[in-house]
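What follows is the content of target16.cif (mmCIF, C-alpha atoms and all ligand atoms).
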```cif
data_upload
loop_
_atom_site.label_atom_id
_atom_site.label_comp_id
_atom_site.auth_asym_id
_atom_site.auth_seq_id
_atom_site.Cartn_x
_atom_site.Cartn_y
_atom_site.Cartn_z
CA MET A 1 24.25 40.82 -32.76
CA SER A 2 23.80 38.26 -35.47
CA LYS A 3 23.56 39.47 -39.05
CA HIS A 4 21.11 36.77 -39.80
CA ARG A 5 18.11 38.62 -38.63
CA VAL A 6 14.93 36.69 -38.03
CA SER A 7 11.86 38.82 -38.13
CA ARG A 8 9.25 38.46 -35.48
CA ARG A 9 6.82 36.96 -37.97
CA GLN A 10 9.35 34.47 -39.26
CA PHE A 11 10.26 33.50 -35.76
CA LEU A 12 6.68 32.89 -34.86
CA SER A 13 5.99 30.83 -37.91
CA TYR A 14 9.11 28.75 -37.32
CA THR A 15 8.16 28.04 -33.78
CA LEU A 16 4.60 27.27 -34.66
CA THR A 17 5.65 24.82 -37.33
CA GLY A 18 7.83 23.23 -34.77
CA VAL A 19 5.10 22.99 -32.20
CA GLY A 20 2.60 21.87 -34.82
CA GLY A 21 4.98 19.16 -35.85
CA PHE A 22 5.25 17.95 -32.32
CA MET A 23 1.53 18.02 -31.93
CA ALA A 24 1.01 15.99 -35.05
CA ALA A 25 3.55 13.49 -33.82
CA GLY A 26 1.84 13.46 -30.49
CA MET A 27 -1.43 12.58 -32.15
CA LEU A 28 0.10 10.04 -34.44
CA MET A 29 2.04 8.18 -31.82
CA PRO A 30 -0.96 6.96 -29.84
CA MET A 31 -2.64 5.91 -33.08
CA VAL A 32 0.36 3.88 -34.10
CA ARG A 33 0.40 2.40 -30.64
CA PHE A 34 -3.24 1.50 -30.88
CA ALA A 35 -2.51 -0.28 -34.10
CA ILE A 36 0.28 -2.44 -32.73
CA ASP A 37 -0.66 -2.54 -29.10
CA PRO A 38 -2.90 -5.60 -28.98
CA VAL A 39 0.11 -7.74 -29.72
CA LEU A 40 2.24 -6.04 -27.11
CA LYS A 41 -0.53 -6.17 -24.55
CA ALA A 42 -1.13 -9.85 -24.95
CA GLU A 43 2.51 -10.48 -24.31
CA ALA A 44 2.64 -8.27 -21.26
CA GLY A 45 -0.46 -9.91 -19.84
CA GLY A 46 1.14 -13.32 -20.08
CA ASP A 47 4.15 -12.24 -18.09
CA PHE A 48 5.26 -14.54 -15.35
CA ILE A 49 7.40 -13.16 -12.59
CA ALA A 50 10.20 -15.05 -10.94
CA THR A 51 9.94 -15.69 -7.23
CA PRO A 52 12.89 -16.60 -5.03
CA LEU A 53 11.19 -19.86 -4.11
CA LYS A 54 12.69 -23.13 -5.38
CA ILE A 55 10.16 -25.67 -6.56
CA LYS A 56 11.84 -28.37 -4.51
CA ASP A 57 11.39 -26.33 -1.35
CA ILE A 58 7.64 -26.25 -1.64
CA THR A 59 5.97 -28.36 1.03
CA THR A 60 2.43 -29.17 1.98
CA GLU A 61 2.51 -26.35 4.52
CA PRO A 62 1.61 -22.99 2.97
CA GLN A 63 4.62 -20.67 2.96
CA ARG A 64 4.84 -17.03 2.20
CA VAL A 65 6.77 -15.86 -0.83
CA ASP A 66 7.36 -12.24 -1.84
CA PHE A 67 8.11 -11.25 -5.40
CA THR A 68 8.87 -7.87 -6.85
CA PHE A 69 8.12 -6.40 -10.23
CA GLU A 70 7.79 -3.08 -11.94
CA GLN A 71 4.40 -1.48 -12.13
CA LYS A 72 3.33 1.47 -14.25
CA ASP A 73 0.79 3.79 -12.77
CA ALA A 74 0.12 6.54 -15.30
CA TRP A 75 3.62 7.97 -15.83
CA TYR A 76 4.89 6.69 -12.57
CA THR A 77 6.82 3.43 -12.47
CA SER A 78 7.50 1.79 -9.18
CA ASP A 79 8.62 -1.48 -7.73
CA VAL A 80 5.74 -3.41 -6.34
CA THR A 81 6.13 -6.36 -4.06
CA ASN A 82 3.38 -8.94 -3.99
CA THR A 83 2.94 -11.91 -1.79
CA ALA A 84 1.64 -15.43 -2.38
CA TRP A 85 0.90 -18.38 -0.13
CA VAL A 86 2.38 -21.45 -1.79
CA TYR A 87 2.06 -25.14 -1.01
CA LYS A 88 1.58 -28.57 -2.57
CA ASP A 89 -1.84 -30.14 -2.31
CA GLU A 90 -2.61 -33.83 -1.84
CA GLN A 91 -2.31 -34.48 -5.57
CA ASP A 92 1.15 -32.89 -5.49
CA ASN A 93 -0.07 -29.89 -7.45
CA ILE A 94 1.47 -26.57 -6.57
CA VAL A 95 -1.08 -24.05 -5.33
CA ALA A 96 -0.31 -20.31 -5.07
CA LEU A 97 -2.95 -18.18 -3.41
CA SER A 98 -3.25 -14.42 -3.26
CA PRO A 99 -3.24 -13.04 0.29
CA VAL A 100 -5.75 -10.33 -0.52
CA CYS A 101 -8.95 -10.84 1.44
CA LYS A 102 -11.99 -10.98 -0.82
CA HIS A 103 -14.04 -9.02 1.66
CA LEU A 104 -12.35 -5.63 1.67
CA GLY A 105 -8.77 -6.36 0.79
CA CYS A 106 -6.77 -6.85 3.98
CA THR A 107 -3.83 -9.23 3.91
CA VAL A 108 -4.64 -12.69 5.18
CA GLY A 109 -2.20 -14.92 6.98
CA TRP A 110 -1.91 -18.69 7.18
CA ALA A 111 -2.62 -20.06 10.65
CA SER A 112 -2.44 -16.56 12.09
CA SER A 113 -5.43 -17.19 14.33
CA GLU A 114 -4.76 -19.49 17.23
CA ASP A 115 -8.28 -20.84 17.12
CA HIS A 116 -7.97 -21.88 13.49
CA PRO A 117 -4.46 -23.15 12.89
CA ASP A 118 -5.34 -24.81 9.59
CA GLN A 119 -7.00 -21.88 7.88
CA PHE A 120 -6.20 -18.53 6.35
CA PHE A 121 -7.25 -15.74 8.64
CA CYS A 122 -8.05 -12.09 8.00
CA PRO A 123 -7.39 -9.86 11.01
CA CYS A 124 -9.73 -7.10 9.89
CA HIS A 125 -13.15 -8.65 10.29
CA PHE A 126 -12.11 -12.20 11.10
CA GLY A 127 -12.68 -13.62 7.66
CA ARG A 128 -11.49 -17.19 7.18
CA TYR A 129 -10.59 -19.48 4.30
CA THR A 130 -9.79 -23.16 4.24
CA LYS A 131 -6.40 -24.29 2.99
CA ASP A 132 -7.55 -24.47 -0.63
CA GLY A 133 -8.68 -20.83 -0.40
CA THR A 134 -12.39 -21.47 -0.04
CA ASN A 135 -14.11 -18.86 2.07
CA VAL A 136 -15.64 -20.18 5.27
CA LYS A 137 -19.36 -19.61 5.41
CA GLY A 138 -20.50 -17.24 8.10
CA THR A 139 -17.39 -15.07 7.86
CA PRO A 140 -17.48 -11.82 5.84
CA PRO A 141 -15.70 -12.88 2.62
CA LEU A 142 -18.05 -14.01 -0.13
CA ALA A 143 -15.56 -15.52 -2.54
CA PRO A 144 -12.52 -17.77 -2.43
CA LEU A 145 -9.00 -16.31 -2.51
CA ASP A 146 -7.62 -15.51 -5.94
CA VAL A 147 -5.22 -18.00 -7.47
CA TYR A 148 -1.93 -17.27 -9.21
CA PRO A 149 -1.21 -19.20 -12.38
CA ILE A 150 2.15 -20.87 -11.91
CA GLN A 151 5.11 -21.85 -14.07
CA GLU A 152 8.37 -23.56 -13.40
CA LYS A 153 11.60 -22.25 -14.86
CA ASP A 154 15.11 -23.32 -13.88
CA GLY A 155 13.80 -24.89 -10.73
CA LEU A 156 12.19 -21.66 -9.59
CA LEU A 157 8.56 -20.83 -9.13
CA TYR A 158 7.13 -18.20 -11.49
CA LEU A 159 3.79 -16.55 -10.87
CA GLY A 160 1.38 -14.85 -13.22
CA LYS A 161 -1.41 -12.46 -12.43
CA ALA A 162 -3.78 -13.66 -9.71
CA GLU A 163 -7.21 -14.62 -11.00
CA PRO A 164 -10.50 -15.13 -9.22
CA ARG A 165 -11.40 -18.74 -8.74
CA THR A 166 -14.79 -19.88 -9.89
CA LYS A 167 -17.18 -19.67 -7.01
CA GLU A 168 -17.70 -22.88 -5.09
CA ALA A 169 -18.41 -21.96 -1.53
CA MET B 1 -8.02 2.22 2.16
CA LYS B 2 -6.15 5.02 0.59
CA TRP B 3 -7.16 8.58 -0.08
CA VAL B 4 -7.99 7.93 -3.73
CA SER B 5 -11.41 8.08 -5.32
CA LYS B 6 -11.50 4.38 -6.13
CA ASP B 7 -11.01 3.43 -2.48
CA ILE B 8 -13.34 6.09 -1.18
CA GLU B 9 -16.07 4.69 -3.41
CA ILE B 10 -15.62 1.30 -1.80
CA TYR B 11 -15.52 2.96 1.58
CA LEU B 12 -18.87 4.62 1.01
CA THR B 13 -20.48 1.25 0.42
CA ALA B 14 -18.75 -0.46 3.34
CA LYS B 15 -18.49 2.25 5.98
CA GLU B 16 -19.47 0.01 8.84
CA TYR B 17 -16.33 -2.06 8.35
CA VAL B 18 -13.86 0.79 8.26
CA ASP B 19 -13.59 2.10 11.78
CA THR B 20 -10.01 3.29 11.97
CA ALA B 21 -8.33 6.40 10.63
CA VAL B 22 -4.56 6.64 10.35
CA ILE B 23 -2.94 10.03 10.05
CA PRO B 24 0.79 10.27 9.41
CA LEU B 25 2.42 13.29 11.06
CA TYR B 26 5.63 14.82 9.86
CA SER B 27 7.29 18.18 9.71
CA VAL B 28 8.85 19.90 6.76
CA SER B 29 12.00 21.93 7.07
CA PHE B 30 14.25 23.56 4.54
CA GLY B 31 17.90 24.48 4.54
CA ASN B 32 20.28 22.19 6.38
CA GLU B 33 17.53 19.97 7.69
CA MET B 34 15.96 19.32 4.34
CA LYS B 35 17.51 15.91 3.89
CA GLN B 36 16.57 14.71 7.35
CA SER B 37 13.10 16.05 6.81
CA ALA B 38 12.73 14.14 3.55
CA SER B 39 14.13 10.98 5.04
CA ASN B 40 11.63 11.10 7.91
CA ALA B 41 8.77 11.71 5.53
CA GLU B 42 9.90 8.83 3.35
CA PHE B 43 10.04 6.47 6.27
CA ILE B 44 6.60 7.38 7.58
CA THR B 45 5.12 7.20 4.09
CA LEU B 46 6.53 3.76 3.41
CA LEU B 47 5.50 2.50 6.80
CA THR B 48 1.94 3.75 6.67
CA ASN B 49 1.52 2.49 3.12
CA TYR B 50 2.61 -0.95 4.14
CA LEU B 51 0.33 -0.83 7.13
CA GLU B 52 -2.53 0.17 4.88
CA ARG B 53 -1.85 -2.86 2.74
CA GLN B 54 -2.15 -5.18 5.70
CA PHE B 55 -5.35 -3.59 6.96
CA THR B 56 -6.91 -2.21 3.78
CA GLY B 57 -10.42 -3.20 4.70
CA ARG B 58 -10.46 -1.72 8.15
CA LEU B 59 -8.46 1.48 8.05
CA MET B 60 -8.46 4.68 6.12
CA LEU B 61 -5.05 6.17 5.45
CA VAL B 62 -5.70 9.90 5.53
CA PRO B 63 -3.26 12.33 3.83
CA PRO B 64 -0.47 13.31 6.21
CA TYR B 65 -0.75 16.25 8.55
CA THR B 66 2.32 18.27 7.76
CA TYR B 67 3.65 21.46 9.32
CA LEU B 68 6.75 23.55 9.35
CA LYS B 69 9.23 22.49 11.92
CA SER B 70 9.78 26.13 12.78
CA ASP B 71 6.10 26.64 13.60
CA GLN B 72 4.88 27.25 17.12
CA TYR B 73 3.88 24.04 18.79
CA GLU B 74 0.57 25.47 19.89
CA ASP B 75 -0.36 26.18 16.30
CA ILE B 76 0.69 22.75 15.17
CA ILE B 77 -1.39 21.04 17.84
CA ASN B 78 -4.39 23.23 17.25
CA GLY B 79 -4.21 22.44 13.57
CA LEU B 80 -4.33 18.76 14.28
CA LYS B 81 -7.15 19.21 16.74
CA LYS B 82 -9.15 20.78 13.95
CA TRP B 83 -8.62 17.64 11.90
CA GLU B 84 -9.83 15.61 14.83
CA GLU B 85 -12.97 17.69 15.03
CA ASN B 86 -13.68 17.08 11.38
CA ILE B 87 -13.26 13.36 11.45
CA ASP B 88 -16.57 11.70 12.02
CA LYS B 89 -16.31 10.02 15.43
CA GLU B 90 -19.25 7.80 14.70
CA GLN B 91 -17.53 6.38 11.65
CA PHE B 92 -13.98 6.31 12.90
CA LYS B 93 -13.91 4.95 16.40
CA HIS B 94 -10.15 4.72 16.35
CA ILE B 95 -7.73 7.38 15.28
CA PHE B 96 -4.02 6.66 15.11
CA TYR B 97 -1.29 9.20 14.56
CA ILE B 98 1.97 7.83 13.31
CA THR B 99 5.08 9.92 13.57
CA SER B 100 8.83 9.70 14.00
CA GLU B 101 9.07 13.03 15.76
CA ILE B 102 9.56 12.62 19.44
CA ASP B 103 8.18 16.06 20.31
CA TRP B 104 4.69 14.80 19.79
CA LYS B 105 5.07 12.61 22.85
CA ASN B 106 4.76 15.72 25.02
CA PHE B 107 1.35 16.48 23.64
CA GLU B 108 -0.05 13.00 23.55
CA ASP B 109 -2.59 13.70 26.27
CA GLU B 110 -4.12 16.59 24.40
CA LEU B 111 -5.06 14.39 21.48
CA LYS B 112 -8.09 12.17 21.24
CA GLY B 113 -6.45 9.61 19.02
CA SER B 114 -3.59 7.30 19.91
CA LEU B 115 -0.13 8.55 19.15
CA ILE B 116 2.40 6.07 17.87
CA TRP B 117 5.99 7.15 17.78
CA LEU B 118 8.68 5.21 15.96
CA PRO B 119 12.28 6.20 15.43
CA SER B 120 12.92 6.95 11.79
CA LEU B 121 15.15 4.49 9.95
CA PRO B 122 17.32 5.68 7.10
CA LEU B 123 15.98 3.56 4.27
CA GLU B 124 17.64 5.30 1.37
CA HIS B 125 20.74 3.09 1.40
CA LEU B 126 18.87 -0.17 1.42
CA ASN B 127 17.79 -2.24 -1.53
CA GLU B 128 14.19 -3.18 -2.11
CA SER B 129 14.16 -6.44 -0.18
CA GLN B 130 16.06 -4.99 2.77
CA ARG B 131 13.63 -2.10 2.91
CA ILE B 132 10.71 -4.44 2.90
CA SER B 133 11.98 -6.55 5.75
CA MET B 134 12.86 -3.43 7.77
CA VAL B 135 9.47 -1.84 7.30
CA GLU B 136 7.77 -5.15 7.77
CA SER B 137 9.28 -5.81 11.16
CA GLN B 138 8.19 -2.36 12.29
CA VAL B 139 4.71 -2.80 10.93
CA LYS B 140 4.39 -6.19 12.65
CA GLN B 141 4.61 -4.39 15.96
CA LEU B 142 2.10 -1.80 14.86
CA GLN B 143 -0.26 -4.53 13.76
CA SER B 144 -0.41 -6.10 17.16
CA LEU B 145 -0.94 -2.67 18.66
CA PHE B 146 -3.87 -2.11 16.35
CA THR B 147 -5.48 -5.47 16.95
CA GLN B 148 -5.07 -4.91 20.65
CA LYS B 149 -6.86 -1.57 20.47
CA TRP B 150 -9.60 -3.09 18.36
CA HIS B 151 -10.08 -5.78 20.94
CA GLU B 152 -10.28 -3.35 23.83
CA ASN B 153 -13.26 -1.59 22.33
CA LEU B 154 -15.11 -4.63 21.15
S1 LIG C 201 -11.28 -7.49 4.89
FE1 LIG C 201 -10.95 -9.57 5.39
S2 LIG C 201 -12.68 -10.00 6.59
FE2 LIG C 201 -13.02 -7.94 6.05
#
```
In structure tokens, write the structure found in this file.
Amino acid sequence: MSKHRVSRRQFLSYTLTGVGGFMAAGMLMPMVRFAIDPVLKAEAGGDFIATPLKIKDITTEPQRVDFTFEQKDAWYTSDVTNTAWVYKDEQDNIVALSPVCKHLGCTVGWASSEDHPDQFFCPCHFGRYTKDGTNVKGTPPLAPLDVYPIQEKDGLLYLGKAEPRTKEA
Amino acid sequence: MKWVSKDIEIYLTAKEYVDTAVIPLYSVSFGNEMKQSASNAEFITLLTNYLERQFTGRLMLVPPYTYLKSDQYEDIINGLKKWEENIDKEQFKHIFYITSEIDWKNFEDELKGSLIWLPSLPLEHLNESQRISMVESQVKQLQSLFTQKWHENL
């Protein structure tokens, strides 16, 4: 075998230094990240995601648009597809509403109930919202649908992270 | 709702609204059938996850009931019946089993819940948006099945 004999003790101390080094690095890394993270975070939070919807195709009738982005869940990254209901209101402002029911989180649909063709409808416990996302009194949801901040880039609609609307209902 | 602590916490405060349990069923096999087995599992997982997203507030997506394909059918069925016994009937008025294995059709009558069989689609060659529209069209059909069942027992 090799002439360069490594004694058991030497071997152990080598390995331990190695491991110790890694451990130190492991401890340092998060600290460094803490130090610089606020900047990174702020940027990530402001991320807008491109949707396939062209601004000029937005009408006064809410339409469904799906958009996909990468999401990190612990060490697991996956593609997540979210949905928005998008339309132009009377003032010609673009409105993008989250389809997540504020009662218990089912997906609401526009005009999906025959009895209420001009409202958002939740199939789970028959929650309803008017076109602007306001929850209809007497149905289970207690808050209006969340709203996506919007941006326009190259004629396409970009959406940010959906935010709760201030309570009005 | 999913089988994660965050959702279960919500469930515990809103039990009266969650009356449906969904249990995916799929077999596991090794050797030559491994790939098919994985592909089936993938399909059912994707499908039930999407379904859960549509009906988050009303259904509980239970972890899948899995078994070895080589197992005796009696054992497989009895295993599932034990699950049935453990699920609180008062809470979960509807139980749905979702599977792509046709064999279950033969045992449908022995089960208390409703069995839904769908042929497995090979999703591995599709890109994200194709997958979504595939799964979505399948789930659409499931959705109307669910709402129908909910209506029946109103
Ligand atoms: S989850 Fe929408 S009404 Fe209950």
Hey, which bits of chain A sit within 12 Å of ligand LIG 201 (chain C), and for each residue what's the closest pair of atoms and how far apart in Å (one decimal), counting only C-alpha atoms and all ligand atoms, rows by chain and increasing number, as a tab-separated table?
```
residue	atom	partner	partner_atom	distance
A:Pro99	CA	C:LIG201	FE1	9.9
A:Val100	CA	C:LIG201	FE1	7.9
A:Cys101	CA	C:LIG201	FE1	4.6
A:Lys102	CA	C:LIG201	FE1	6.5
A:His103	CA	C:LIG201	S1	4.5
A:Leu104	CA	C:LIG201	S1	3.9
A:Gly105	CA	C:LIG201	S1	4.9
A:Cys106	CA	C:LIG201	S1	4.6
A:Thr107	CA	C:LIG201	FE1	7.3
A:Val108	CA	C:LIG201	FE1	7.0
A:Gly109	CA	C:LIG201	FE1	10.4
A:Phe120	CA	C:LIG201	FE1	10.2
A:Phe121	CA	C:LIG201	FE1	7.9
A:Cys122	CA	C:LIG201	FE1	4.6
A:Pro123	CA	C:LIG201	FE1	6.7
A:Cys124	CA	C:LIG201	FE2	5.1
A:His125	CA	C:LIG201	S2	4.0
A:Phe126	CA	C:LIG201	S2	5.1
A:Gly127	CA	C:LIG201	S2	3.8
A:Arg128	CA	C:LIG201	S2	7.3
A:Tyr129	CA	C:LIG201	S2	10.0
A:Asn135	CA	C:LIG201	S2	10.0
A:Val136	CA	C:LIG201	S2	10.7
A:Lys137	CA	C:LIG201	S2	11.8
A:Gly138	CA	C:LIG201	S2	10.8
A:Thr139	CA	C:LIG201	S2	7.0
A:Pro140	CA	C:LIG201	S2	5.2
A:Pro141	CA	C:LIG201	S2	5.8
A:Leu142	CA	C:LIG201	S2	9.5
A:Ala143	CA	C:LIG201	FE1	10.9
A:Pro144	CA	C:LIG201	FE1	11.4
A:Leu145	CA	C:LIG201	FE1	10.6
```
Report task. Would you work out the distance separating CA of Lys149 in chain B from CA of His94 in chain B, expressed in Å to one decimal? Result ->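 Between CA of Lys149 in chain B and CA of His94 in chain B the gap is 8.2 Å.
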Query - Residue neighbourhood Tyr158 in chain A, 7 Å, all atoms listed in the file, exclusion window fewer than 4 positions, as a PyMOL selection string - result: chain A and resi 48-51+150-153
Query raised in the report: What's the 10 Å shell around Lys2 in chain B, counting all atoms listed in the file, without same-chain residues fewer than 2 positions away, as a list of chain:residue names?
Result: B:Val4, B:Ser5, B:Lys6, B:Asp7, B:Ile8, B:Tyr11, B:Asn49, B:Glu52, B:Arg53, B:Thr56, B:Leu59, B:Met60, B:Leu61, B:Val62, B:Pro63
What are the nearest atom pairs, with distances in Å to one decimal, for all residues of chain B that come at most 12 Å from chain A, using only C-alpha atoms, set out by chain and rising residue number as a tab-separated table?
```
residue	atom	partner	partner_atom	distance
B:Met1	CA	A:Gly105	CA	8.7
B:Lys2	CA	A:Gly105	CA	11.7
B:Asp7	CA	A:Leu104	CA	10.1
B:Ile10	CA	A:Leu104	CA	8.4
B:Tyr11	CA	A:Leu104	CA	9.2
B:Thr13	CA	A:Leu104	CA	10.7
B:Ala14	CA	A:Leu104	CA	8.4
B:Lys15	CA	A:Leu104	CA	10.9
B:Glu16	CA	A:His125	CA	10.8
B:Tyr17	CA	A:His125	CA	7.6
B:Val18	CA	A:Cys124	CA	9.1
B:Asp19	CA	A:Cys124	CA	10.2
B:Thr20	CA	A:Cys124	CA	10.6
B:Asn49	CA	A:Val80	CA	11.9
B:Tyr50	CA	A:Thr81	CA	10.4
B:Leu51	CA	A:Cys106	CA	9.8
B:Glu52	CA	A:Cys106	CA	8.3
B:Arg53	CA	A:Cys106	CA	6.5
B:Gln54	CA	A:Thr107	CA	4.7
B:Phe55	CA	A:Cys106	CA	4.6
B:Thr56	CA	A:Cys106	CA	4.6
B:Gly57	CA	A:Leu104	CA	4.3
B:Arg58	CA	A:Cys124	CA	5.7
B:Leu59	CA	A:Cys124	CA	8.9
B:Met60	CA	A:Cys106	CA	11.8
B:Asn127	CA	A:Asp79	CA	11.1
B:Glu128	CA	A:Asp79	CA	8.1
B:Ser129	CA	A:Thr68	CA	8.6
B:Arg131	CA	A:Thr81	CA	11.1
B:Ile132	CA	A:Thr81	CA	8.6
B:Ser133	CA	A:Asp66	CA	10.6
B:Glu136	CA	A:Asp66	CA	11.9
B:Gln143	CA	A:Pro123	CA	9.3
B:Ser144	CA	A:Pro123	CA	10.0
B:Phe146	CA	A:Pro123	CA	10.0
B:Thr147	CA	A:Pro123	CA	7.6
B:Gln148	CA	A:Pro123	CA	11.1
B:Trp150	CA	A:Cys124	CA	9.4
B:His151	CA	A:Pro123	CA	11.1
B:Leu154	CA	A:His125	CA	11.7
```
Query raised in the report: Ile102 in chain B: which residues within 9 Å, counting all atoms listed in the file, same-chain residues fewer than 5 positions away excluded, as number ranges by chain?
Result: B: 117-119
Query raised in the report: Between B:Phe96, B:Val135, B:Tyr65, B:Pro24, which one has atoms that come closest to Thr45 in chain B, using only C-alpha atoms?
Result: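 Under the stated criterion, the closest residue is B:Pro24.
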Query - Length of the CA of Lys140 in chain B to CA of Gln63 in chain A vector [Å] - result: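 Atom-to-atom, CA of Lys140 in chain B to CA of Gln63 in chain A, that is 17.4 Å.
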Report task. Could you check how far CA of Arg64 in chain A sits from CA of Trp85 in chain A, in Å to one decimal? Result ->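 Interatomic distance here is 4.8 Å.
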I want to know what sits within 10 Å of Gly79 in chain B, based on all atoms listed in the file, with residues of the same chain fewer than 6 positions away left out; could you give that as a short mmCIF file (atom, residue, chain, number, x, y, z; two decimals) with C-alpha atoms, in the frame of the given file?
```cif
data_model
loop_
_atom_site.label_atom_id
_atom_site.label_comp_id
_atom_site.auth_asym_id
_atom_site.auth_seq_id
_atom_site.Cartn_x
_atom_site.Cartn_y
_atom_site.Cartn_z
CA TYR B 65 -0.75 16.25 8.55
CA THR B 66 2.32 18.27 7.76
CA TYR B 67 3.65 21.46 9.32
CA TYR B 73 3.88 24.04 18.79
#
```
